[in-house]
Structure formats: C-alpha cells, structure tokens
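Data block for data.cif (mmCIF, C-alpha atoms and all ligand atoms):
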```
data_upload
#
loop_
_atom_site.label_atom_id
_atom_site.label_comp_id
_atom_site.auth_asym_id
_atom_site.auth_seq_id
_atom_site.Cartn_x
_atom_site.Cartn_y
_atom_site.Cartn_z
CA MET A 12 -20.41 -28.79 119.27
CA SER A 13 -19.16 -27.93 115.86
CA ILE A 14 -20.10 -28.46 112.26
CA VAL A 15 -19.20 -32.08 111.75
CA GLU A 16 -18.15 -34.00 108.70
CA LEU A 17 -20.39 -37.02 108.26
CA SER A 18 -19.84 -40.12 106.25
CA THR A 19 -22.82 -41.13 104.13
CA GLU A 20 -23.46 -44.20 106.29
CA THR A 21 -24.34 -42.01 109.25
CA LEU A 22 -26.83 -39.88 107.33
CA PRO A 23 -30.47 -40.59 108.03
CA GLY A 24 -32.49 -41.55 105.00
CA VAL A 25 -36.27 -41.76 105.27
CA ALA A 26 -38.57 -44.49 103.93
CA ILE A 27 -42.26 -43.59 103.83
CA SER A 28 -44.39 -46.68 103.07
CA GLY A 29 -48.11 -46.95 102.38
CA LEU A 30 -48.73 -43.86 104.50
CA THR A 31 -52.33 -42.74 104.95
CA ILE A 32 -53.30 -39.83 107.21
CA ALA A 33 -56.92 -38.92 107.81
CA TYR A 34 -58.72 -36.02 109.50
CA ARG A 35 -61.97 -36.51 111.38
CA THR A 36 -64.60 -34.22 109.86
CA ASP A 37 -68.38 -33.84 110.04
CA ALA A 38 -68.51 -36.08 106.96
CA GLY A 39 -66.47 -38.81 108.72
CA GLU A 40 -62.76 -39.58 108.70
CA LEU A 41 -61.28 -38.42 105.36
CA ALA A 42 -57.76 -39.14 104.08
CA ALA A 43 -55.65 -36.03 103.34
CA VAL A 44 -52.65 -38.23 102.49
CA SER A 45 -53.37 -41.56 100.79
CA ASP A 46 -51.13 -44.57 100.46
CA ILE A 47 -47.88 -42.67 99.89
CA THR A 48 -44.66 -44.57 99.39
CA LEU A 49 -41.62 -42.34 98.97
CA GLY A 50 -37.95 -42.45 99.90
CA LEU A 51 -35.84 -39.48 100.92
CA PRO A 52 -32.33 -40.76 100.16
CA ALA A 53 -29.69 -39.80 102.73
CA GLY A 54 -27.84 -36.62 101.87
CA THR A 55 -30.34 -35.34 99.28
CA ILE A 56 -32.74 -32.40 99.12
CA THR A 57 -36.25 -33.46 98.09
CA GLY A 58 -38.80 -30.84 97.03
CA LEU A 59 -42.42 -31.71 97.78
CA VAL A 60 -44.59 -29.65 95.46
CA GLY A 61 -48.32 -29.30 94.86
CA GLU A 62 -51.23 -26.89 95.04
CA SER A 63 -52.79 -25.70 98.29
CA GLY A 64 -54.63 -28.52 100.06
CA SER A 65 -52.79 -31.35 98.28
CA GLY A 66 -51.54 -32.71 101.62
CA LYS A 67 -47.93 -31.47 101.63
CA SER A 68 -47.91 -30.07 105.17
CA THR A 69 -49.73 -33.11 106.54
CA LEU A 70 -47.08 -35.37 105.01
CA ALA A 71 -44.25 -33.13 106.31
CA LEU A 72 -45.72 -33.18 109.83
CA SER A 73 -45.73 -36.97 109.80
CA LEU A 74 -41.92 -36.94 109.53
CA LEU A 75 -41.89 -35.35 112.99
CA GLY A 76 -44.69 -37.50 114.37
CA ALA A 77 -46.54 -34.21 114.70
CA VAL A 78 -49.84 -34.76 112.89
CA GLN A 79 -52.33 -33.01 115.16
CA LYS A 80 -55.81 -34.14 116.15
CA PRO A 81 -58.33 -34.40 114.51
CA GLY A 82 -55.72 -35.97 112.22
CA ARG A 83 -54.09 -39.38 112.67
CA VAL A 84 -51.96 -41.85 110.77
CA THR A 85 -54.37 -44.62 109.79
CA ALA A 86 -51.92 -46.82 107.85
CA GLY A 87 -48.28 -47.15 106.85
CA SER A 88 -44.94 -46.18 108.33
CA VAL A 89 -42.25 -43.48 108.29
CA VAL A 90 -38.93 -45.14 109.01
CA ILE A 91 -36.01 -42.81 109.70
CA ASP A 92 -32.55 -44.41 109.80
CA GLY A 93 -31.23 -44.37 113.34
CA ILE A 94 -34.67 -43.58 114.82
CA GLY A 95 -37.05 -46.24 113.52
CA ASP A 96 -40.73 -45.94 112.63
CA ILE A 97 -41.68 -42.50 113.89
CA THR A 98 -45.40 -43.30 113.71
CA LYS A 99 -44.85 -45.80 116.54
CA LEU A 100 -43.01 -43.51 118.99
CA ASP A 101 -44.72 -42.14 122.10
CA GLU A 102 -44.85 -38.41 122.86
CA HIS A 103 -41.86 -38.58 125.22
CA ALA A 104 -39.63 -40.23 122.60
CA LEU A 105 -40.91 -37.83 119.94
CA GLN A 106 -39.99 -34.79 122.01
CA SER A 107 -36.42 -35.94 122.32
CA VAL A 108 -35.97 -36.61 118.58
CA ARG A 109 -37.67 -33.37 117.47
CA GLY A 110 -35.06 -30.66 117.33
CA ALA A 111 -32.20 -32.97 118.28
CA GLN A 112 -32.38 -35.39 115.36
CA ILE A 113 -35.02 -33.80 113.17
CA GLY A 114 -34.89 -30.04 112.64
CA TYR A 115 -37.92 -28.27 111.27
CA VAL A 116 -39.12 -24.89 110.16
CA PHE A 117 -42.87 -24.75 109.82
CA GLN A 118 -45.11 -22.58 107.71
CA ALA A 119 -45.31 -19.04 109.06
CA ALA A 120 -41.99 -19.53 110.88
CA GLN A 121 -41.64 -15.79 110.53
CA ASN A 122 -44.28 -15.44 113.24
CA SER A 123 -43.46 -18.46 115.35
CA LEU A 124 -40.97 -16.87 117.74
CA ASN A 125 -42.17 -15.96 121.22
CA PRO A 126 -42.77 -12.18 121.09
CA LEU A 127 -42.03 -11.79 124.81
CA LYS A 128 -38.56 -13.35 124.90
CA THR A 129 -35.31 -12.51 123.11
CA VAL A 130 -33.99 -15.01 120.58
CA GLY A 131 -31.12 -15.84 122.96
CA LYS A 132 -33.51 -16.59 125.84
CA GLN A 133 -35.57 -18.87 123.57
CA LEU A 134 -32.39 -20.63 122.52
CA LEU A 135 -31.50 -21.34 126.15
CA ASP A 136 -35.06 -22.63 126.74
CA LEU A 137 -34.61 -24.98 123.77
CA GLY A 138 -31.27 -26.18 125.16
CA ARG A 139 -32.73 -26.81 128.62
CA SER A 140 -35.76 -28.65 127.23
CA HIS A 141 -33.33 -30.98 125.45
CA ARG A 142 -31.13 -31.26 128.55
CA VAL A 143 -28.12 -29.71 126.79
CA LYS A 144 -25.40 -29.49 129.46
CA ASP A 145 -23.07 -27.13 127.62
CA LEU A 146 -25.33 -24.09 127.12
CA ARG A 147 -22.33 -21.90 126.31
CA GLY A 148 -21.45 -24.34 123.54
CA LEU A 149 -25.05 -24.08 122.29
CA LEU A 150 -24.80 -20.27 122.16
CA ARG A 151 -21.49 -20.57 120.33
CA GLU A 152 -23.04 -22.92 117.77
CA ALA A 153 -26.01 -20.55 117.30
CA LYS A 154 -23.63 -17.66 116.68
CA VAL A 155 -21.68 -19.69 114.12
CA LEU A 156 -24.92 -20.51 112.28
CA LEU A 157 -26.30 -16.96 112.42
CA SER A 158 -23.02 -15.47 111.16
CA ARG A 159 -22.94 -18.17 108.48
CA MET A 160 -26.32 -16.82 107.36
CA GLY A 161 -25.00 -13.28 107.18
CA LEU A 162 -26.54 -12.00 110.42
CA ALA A 163 -24.95 -10.02 113.25
CA ALA A 164 -25.18 -12.92 115.71
CA GLU A 165 -24.85 -11.03 119.04
CA ARG A 166 -27.41 -8.46 118.04
CA VAL A 167 -29.90 -11.08 116.80
CA LEU A 168 -29.61 -13.09 120.03
CA ASP A 169 -30.42 -9.92 122.00
CA SER A 170 -33.42 -9.08 119.79
CA TYR A 171 -37.13 -9.63 120.15
CA GLN A 172 -39.19 -10.91 117.21
CA HIS A 173 -40.54 -7.44 116.31
CA GLU A 174 -36.99 -6.11 115.97
CA LEU A 175 -36.21 -8.55 113.13
CA SER A 176 -37.31 -8.45 109.48
CA GLY A 177 -39.19 -11.39 107.88
CA GLY A 178 -36.03 -12.68 106.19
CA MET A 179 -34.07 -12.40 109.46
CA ARG A 180 -36.77 -14.34 111.36
CA GLN A 181 -36.72 -17.01 108.69
CA ARG A 182 -32.95 -17.41 109.14
CA VAL A 183 -33.42 -17.50 112.93
CA GLY A 184 -35.94 -20.32 112.33
CA ILE A 185 -33.34 -22.23 110.31
CA MET A 186 -30.77 -21.67 113.08
CA PHE A 187 -33.21 -23.15 115.64
CA ALA A 188 -33.78 -26.13 113.32
CA LEU A 189 -30.06 -26.86 113.10
CA VAL A 190 -28.55 -25.74 116.37
CA LEU A 191 -29.02 -29.09 118.12
CA ASN A 192 -27.20 -30.74 115.22
CA ALA A 193 -30.18 -32.42 113.57
CA HIS A 194 -29.34 -34.34 110.42
CA LEU A 195 -32.83 -34.48 108.98
CA LEU A 196 -34.31 -31.10 108.10
CA VAL A 197 -37.97 -30.43 107.22
CA LEU A 198 -38.75 -26.99 105.81
CA ASP A 199 -42.39 -26.08 105.11
CA GLU A 200 -42.71 -23.12 102.71
CA PRO A 201 -39.49 -21.52 103.99
CA THR A 202 -39.61 -18.61 101.57
CA THR A 203 -43.31 -17.83 101.19
CA ALA A 204 -44.10 -14.15 101.79
CA LEU A 205 -40.49 -13.08 101.33
CA ASP A 206 -39.33 -10.79 98.53
CA MET A 207 -37.41 -12.33 95.60
CA ILE A 208 -33.94 -11.31 96.77
CA THR A 209 -34.49 -12.55 100.33
CA GLN A 210 -36.02 -15.76 98.93
CA ALA A 211 -32.95 -16.40 96.75
CA ASN A 212 -30.72 -15.68 99.73
CA ILE A 213 -32.56 -18.12 102.04
CA LEU A 214 -32.49 -20.85 99.37
CA GLN A 215 -28.74 -20.36 98.95
CA ILE A 216 -28.35 -20.74 102.72
CA VAL A 217 -30.43 -23.93 102.71
CA ARG A 218 -28.26 -25.35 99.93
CA ASP A 219 -25.00 -24.39 101.65
CA VAL A 220 -25.95 -25.62 105.12
CA HIS A 221 -27.38 -28.82 103.66
CA ALA A 222 -24.08 -29.53 101.87
CA GLU A 223 -21.81 -28.46 104.73
CA ARG A 224 -23.64 -30.51 107.34
CA GLY A 225 -24.48 -33.47 105.14
CA LEU A 226 -28.21 -33.22 105.84
CA THR A 227 -31.20 -35.05 104.43
CA THR A 228 -33.67 -32.29 103.63
CA LEU A 229 -37.36 -32.13 102.70
CA ILE A 230 -38.56 -28.78 101.43
CA VAL A 231 -42.30 -28.27 101.04
CA THR A 232 -43.47 -25.64 98.57
CA HIS A 233 -46.25 -24.74 96.13
CA ASP A 234 -43.60 -23.08 93.95
CA VAL A 235 -41.93 -25.23 91.27
CA GLY A 236 -39.30 -22.45 90.95
CA VAL A 237 -38.14 -23.14 94.51
CA VAL A 238 -37.82 -26.86 93.73
CA ALA A 239 -35.86 -26.10 90.54
CA GLU A 240 -33.55 -23.87 92.57
CA VAL A 241 -32.64 -26.23 95.43
CA ALA A 242 -33.93 -29.78 95.15
CA ASP A 243 -32.00 -32.81 93.82
CA ARG A 244 -35.19 -34.82 93.77
CA MET A 245 -38.85 -33.87 93.68
CA ALA A 246 -42.23 -35.39 94.46
CA VAL A 247 -45.45 -33.94 93.05
CA MET A 248 -48.60 -34.21 95.18
CA TYR A 249 -52.21 -33.99 94.07
CA GLY A 250 -55.32 -34.80 96.10
CA GLY A 251 -53.30 -36.49 98.86
CA ARG A 252 -51.28 -38.68 96.54
CA VAL A 253 -47.79 -38.51 95.08
CA VAL A 254 -48.40 -38.62 91.32
CA GLU A 255 -44.78 -38.37 90.14
CA HIS A 256 -41.34 -38.43 91.75
CA GLY A 257 -37.72 -38.63 90.66
CA GLN A 258 -34.69 -36.48 89.86
CA THR A 259 -35.67 -32.81 89.65
CA MET A 260 -33.82 -32.14 86.42
CA GLU A 261 -35.35 -35.17 84.73
CA ILE A 262 -38.89 -34.26 85.76
CA LEU A 263 -38.57 -30.58 84.92
CA GLY A 264 -36.92 -31.44 81.59
CA ALA A 265 -39.51 -34.07 80.63
CA PRO A 266 -42.55 -34.18 82.96
CA ARG A 267 -44.60 -37.35 82.41
CA HIS A 268 -47.70 -37.10 84.59
CA PRO A 269 -50.36 -34.82 83.03
CA TYR A 270 -50.63 -32.91 86.32
CA THR A 271 -46.88 -32.29 86.48
CA ARG A 272 -46.99 -31.12 82.86
CA GLY A 273 -49.82 -28.75 83.73
CA LEU A 274 -47.97 -27.41 86.78
CA ILE A 275 -44.87 -26.70 84.75
CA SER A 276 -46.63 -25.07 81.80
CA ALA A 277 -48.52 -22.84 84.25
CA ILE A 278 -45.27 -21.13 85.29
CA PRO A 279 -44.86 -17.69 83.72
CA ARG A 280 -41.46 -17.30 82.02
CA LEU A 281 -39.22 -14.28 82.29
CA THR A 282 -38.52 -14.46 78.61
CA GLY A 283 -40.90 -15.26 75.76
CA PRO A 284 -44.48 -14.15 75.20
CA VAL A 285 -46.30 -13.03 78.38
CA ASP A 286 -49.35 -15.17 77.57
CA ALA A 287 -47.29 -18.38 77.11
CA ALA A 288 -48.09 -19.58 80.66
CA LYS A 289 -51.15 -21.84 80.54
CA PRO A 290 -52.99 -22.09 83.85
CA LEU A 291 -54.41 -25.54 84.62
CA PRO A 292 -58.14 -25.52 83.98
CA GLY A 293 -60.33 -26.36 86.98
CA THR A 294 -59.54 -26.24 90.68
CA PRO A 295 -57.82 -28.75 92.97
CA PRO A 296 -60.07 -30.89 95.18
CA THR A 297 -60.66 -30.20 98.85
CA LEU A 298 -60.72 -32.85 101.57
CA GLY A 299 -64.44 -33.39 100.97
CA THR A 300 -64.21 -33.59 97.18
CA ILE A 301 -61.12 -35.78 96.58
CA PRO A 302 -62.36 -38.79 94.56
CA ARG A 303 -62.16 -41.85 96.83
CA THR A 304 -61.99 -44.33 93.99
CA GLY A 305 -60.06 -44.21 90.72
CA CYS A 306 -57.51 -41.54 89.85
CA VAL A 307 -57.62 -38.35 91.97
CA PHE A 308 -56.66 -36.18 88.97
CA ARG A 309 -59.11 -37.53 86.39
CA GLN A 310 -61.57 -34.62 86.56
CA ARG A 311 -58.91 -32.23 85.26
CA CYS A 312 -57.02 -34.71 83.13
CA PRO A 313 -56.65 -34.37 79.34
CA LEU A 314 -55.66 -38.08 79.09
CA ARG A 315 -58.62 -39.52 81.06
CA MET A 316 -59.59 -43.10 80.14
CA GLU A 317 -62.38 -45.35 81.37
CA ILE A 318 -60.19 -47.22 83.87
CA CYS A 319 -59.31 -43.91 85.61
CA ASP A 320 -62.87 -43.72 87.01
CA THR A 321 -62.55 -46.94 88.98
CA VAL A 322 -58.90 -47.94 89.52
CA ALA A 323 -56.29 -45.78 91.28
CA PRO A 324 -53.13 -45.93 89.13
CA ALA A 325 -50.14 -47.65 90.70
CA MET A 326 -46.81 -45.84 90.91
CA ILE A 327 -44.73 -47.39 88.11
CA GLY A 328 -41.25 -46.08 87.35
CA GLY A 329 -41.92 -42.85 89.24
CA VAL A 330 -45.28 -41.96 87.71
CA ALA A 331 -48.82 -42.92 88.73
CA CYS A 332 -50.93 -42.57 85.58
CA HIS A 333 -52.79 -45.22 83.56
CA ALA A 334 -52.38 -43.31 80.29
CA VAL A 335 -48.66 -42.64 80.73
CA ASN A 336 -47.96 -46.22 81.79
CA GLU A 337 -49.90 -47.59 78.83
CA THR A 338 -48.09 -45.33 76.33
CA GLU A 339 -44.65 -45.99 77.80
CA GLN A 340 -45.17 -49.75 77.68
CA LEU A 341 -46.04 -49.69 73.98
N1 LIG A 401 -56.79 -29.91 111.29
C1 LIG A 401 -57.43 -30.25 110.17
N2 LIG A 401 -58.72 -30.66 110.21
C2 LIG A 401 -59.38 -31.01 109.09
N3 LIG A 401 -58.82 -30.97 107.85
C3 LIG A 401 -57.56 -30.56 107.75
C4 LIG A 401 -56.78 -30.17 108.90
N4 LIG A 401 -55.54 -29.81 108.47
C5 LIG A 401 -55.56 -29.96 107.13
N5 LIG A 401 -56.74 -30.42 106.70
C6 LIG A 401 -57.14 -30.70 105.32
O1 LIG A 401 -56.24 -31.65 104.78
C7 LIG A 401 -55.95 -31.36 103.42
C8 LIG A 401 -54.44 -31.24 103.24
O2 LIG A 401 -53.99 -30.09 103.96
P1 LIG A 401 -52.45 -29.68 104.00
O3 LIG A 401 -52.33 -28.46 104.85
O4 LIG A 401 -51.65 -30.86 104.36
O5 LIG A 401 -52.20 -29.31 102.47
P2 LIG A 401 -51.03 -28.42 101.83
O6 LIG A 401 -50.76 -29.02 100.50
O7 LIG A 401 -49.91 -28.30 102.79
O8 LIG A 401 -51.77 -27.03 101.63
P3 LIG A 401 -51.25 -25.57 102.03
O9 LIG A 401 -50.12 -25.30 101.10
O10 LIG A 401 -52.46 -24.72 101.77
O11 LIG A 401 -50.88 -25.66 103.47
C9 LIG A 401 -56.71 -30.08 103.08
O12 LIG A 401 -57.91 -30.42 102.42
C10 LIG A 401 -56.99 -29.47 104.43
O13 LIG A 401 -58.17 -28.71 104.40
#
```

How does the structure come out when it is put into structure tokens?
Amino acid sequence: MSIVELSTETLPGVAISGLTIAYRTDAGELAAVSDITLGLPAGTITGLVGESGSGKSTLALSLLGAVQKPGRVTAGSVVIDGIGDITKLDEHALQSVRGAQIGYVFQAAQNSLNPLKTVGKQLLDLGRSHRVKDLRGLLREAKVLLSRMGLAAERVLDSYQHELSGGMRQRVGIMFALVLNAHLLVLDEPTTALDMITQANILQIVRDVHAERGLTTLIVTHDVGVVAEVADRMAVMYGGRVVEHGQTMEILGAPRHPYTRGLISAIPRLTGPVDAAKPLPGTPPTLGTIPRTGCVFRQRCPLRMEICDTVAPAMIGGVACHAVNETEQL
C-alpha cells in the first residue's frame, strides 16, 4: 500500500437527505437530528459547527452507520459514493466499510487506545479484523503516516497509551483512521483538550493528509476557529437542524442566519477591545426542550416573526430563516 493519487471521479462524496435521528427517552422518542439535507462534496473538508447538544456527533456517527441504541435513524438516507445508503447496510457490511473505506477519529480519541496493548499490536489487530493479508505492508504504511505526522514511528508502535502525550495519541488516532486507505474521514472534535500549539499542529496535519490523499473530510467542532483554519465548507447546527451551510469564507465573511451571526460575534478577538466579544444571550436547547414546531432558534432570535412559532423555515440558498429569506427576496 502506498499513498495513492486519486482522480476526482474516484473520490467519495456524501449526500445526506432528509435525515432524522431520534433517541428513545422517558419522554418518548425525541429527534436529536431533524430533517437534515447536506452534501459533502468529494475532495472537500466540511466543518460541522454548533454548541454542545446541537446534534453534531449524532450526525457524524450516522456517516459510519454507528448511531447507538437508544438512538436510531427514523427517516432519510446517507448515500456515500461507492458504498450506497449506509443507513441500509447490515452490521456485517458496516464493519467492513468502517476503517477500510471510512476512517474516523471519535471524541476523546486521546483515551480510546487499549491501555493493555502497544500501538503496534493494536494495528495488527485492526489489520486482521479487516483480513489484511500483507501485515508487513500495513506496518510500513503506519510508519509512513506516523513519520509524516512528525512522530518517531518505531518508538510509537512499541509504546503503550500511557507512554504517549495527548497530542501524540491524537496523531495515532488519525493514523488508525487512515492506515487502511479510507477516502472518507470523519473527525469528531480532533483538537479538543489540546494546547494551542498542538492544536495548530494537528490541524495542519489534517489539511496536509487530506490534500495528499484526496480525501473527503468531515470535521466536527464547537470551535468556529477550527473551522476557519481547515474547512473549505461549513455547516452550522442548532437544535438538531442545519441552519446555514456554504463556503467557509463566505459564511465567516458575511454570516446570514442570526444564529451564525451570534456564534461569530461571540468569538473573542486577539486584537481590539477585550469586551468586543458578545456572548449569545440564552442557552441552547436540550433534547427535551427543542421546539418541535416552528423554528428551533426562535427563542433566542433577534429577528423572530409570527410565522417562526408555527412553521419550520425551509433551507433556501444555504440558509434556513424566515426573516433572512424575506429580506433577501425584497
Ligand atoms: N445515547 C443517548 N441517549 C439519549 N440522548 C442522547 C444520547 N446521545 C446523545 N443524546 C442527546 O442528543 C442530543 C445531541 O447530542 P450530540 O452528542 O449529537 O450533540 P453534540 O452537538 O455532538 O454535542 P457535544 O459537542 O456535547 O457532544 C443531545 O441533546 C444529547 O443529550
């Protein structure tokens, strides 16, 4: 195996359509992700951003067919080029695509290694579980990736989790996500809990590996700064819905949805007055308090209109907001 050059036709794009994912709770089955339609164009990095509880991880898990009980996909599809609708695959088929075609690094990847086995041993386990015949080739590929990420490959493969720093474990997680040559990469909060320098370093690695390998990447984060740093495109989630999506530079330069505007003006700047950052008033909804009719953002919205109480705004031109759509049509 080696790092391969891919033509754009072979890259897997993803089409999420009308996707709804609900969790069973004491109060009944409640949607954590509601009617999301979103494309991840082949070869791009998409940043999925939103506050805690907005449904980002649930959406990311659905790309791997890995939504866990008590959760389930209740409507819609996730079609990955070359794989098909992942929501329709059985567990056996899912196990063979996970890792091999879809690489992933989940939240808390820093603690997800097996503490009792060296990294190298875990790599061989991964290879065997995917019936890789050339295990030497797999080790070679892992070493290439680890060195590429600035690590002493031999030493890392011989190490146990506790012998590696948080940033090193994170890079090991990325190696595991890519070593089977996956072309779709899902990263959930890959830099949370890392210091600024290590965070910048990991993001640089994500950008480089993405470009070198021609990946399609989804990066989940609560940090708009991370999106600004790496993502070509971005999608903003609130209360289980995507409220705005498009090119990162366009959205950051001129956010249209009132929630996106709030998110961006809440970021403290390095320059300028220290009190210039304006936190969004109010708190985001939880699974039990997401409004089930009308707009999910209306309780915190400065542009609220009567229709927002009863009708969920459709996504028009990349933004789902009655007020914005009305103003832009004038
Ligand atoms: N196993 C579960 N059972 C019940 N509810 C769940 C479960 N997992 C998540 N939820 C709920 O679904 C909603 C979305 O959670 P999710 O983890 O997808 O959000 P998130 O945006 O990724 O947040 P965070 O950044 O805090 O992980 C939340 O209200 C959460 O409490």

Interatomic distance, CA of Ile113 (chain A) to CA of Gly24 (chain A) (Å, one decimal): 11.5 Å

Spatial sel., origin (-31.2, -26.4, 100.0), limit 7 Å, all atoms listed in the file, listed as a PyMOL selection string: chain A and resi 56+214-219+221+241-242

Let me see if you get this right: every residue at most 6 Å from ligand LIG 401 (chain A), counting all atoms listed in the file, written as a compact mmCIF listing (two decimals) with C-alpha atoms, in the coordinates of the input.
```
# COMPACT_ATOMS: atom_id res chain seq x y z
CA TYR A 34 -58.72 -36.02 109.50
CA ALA A 43 -55.65 -36.03 103.34
CA GLU A 62 -51.23 -26.89 95.04
CA SER A 63 -52.79 -25.70 98.29
CA GLY A 64 -54.63 -28.52 100.06
CA SER A 65 -52.79 -31.35 98.28
CA GLY A 66 -51.54 -32.71 101.62
CA LYS A 67 -47.93 -31.47 101.63
CA SER A 68 -47.91 -30.07 105.17
CA THR A 69 -49.73 -33.11 106.54
CA PRO A 81 -58.33 -34.40 114.51
CA THR A 297 -60.66 -30.20 98.85
CA LEU A 298 -60.72 -32.85 101.57
```

For region 306-320 of chain A, I'd like the enclosing box, axis-aligned and padded by 8 Å on every side, reported as JSON with centre and edge lengths in Å to one decimal.
```
{"center_x": -59.3, "center_y": -39.7, "center_z": 85.5, "size_x": 23.2, "size_y": 31.0, "size_z": 28.9}
```

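Shortest atom-to-atom contact with Ala104 (chain A) among A:Val60, A:Leu229, A:Val235, A:Leu75: A:Leu75, counting only C-alpha atoms.
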
Atomic separation - CA of Glu261 (chain A) relative to CA of Gly61 (chain A), Å: 17.5 Å

Given all atoms listed in the file as the counted atoms, nearest of A:Gly273, A:Pro302, A:Gly58, A:Gly50 to Val247 (chain A): A:Gly58

Within 6 Å of file point (-44.8, -37.3, 119.2), counting all atoms listed in the file, expressed as a PyMOL selection string: chain A and resi 76-77+101-102+105

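For the pair CA of Asp206 (chain A) and CA of Gly177 (chain A), the interatomic distance is 9.4 Å.
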
Leu175 (chain A) environment, 12 Å, all atoms listed in the file, sequence neighbours closer than 3 positions dropped, as JSON, numbers by chain: {"A": [121, 122, 124, 126, 129, 130, 162, 163, 166, 167, 168, 169, 170, 171, 172, 178, 179, 180, 181, 182, 183, 184]}

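Among A:Met186, A:Ala265, A:Ala42, A:Ala33, the residue with the shortest atom-to-atom distance to Gln79 (chain A), counting all atoms listed in the file, is A:Ala33.
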
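Closest approach to Gly29 (chain A) among A:Val220, A:Val307, A:Leu314, A:Val89 is made by A:Val89 (distances from all atoms listed in the file).
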
Pick from A:Asn212, A:Pro52, A:Phe117, A:Val44 nearest to Leu198 (chain A), counting all atoms listed in the file: A:Phe117
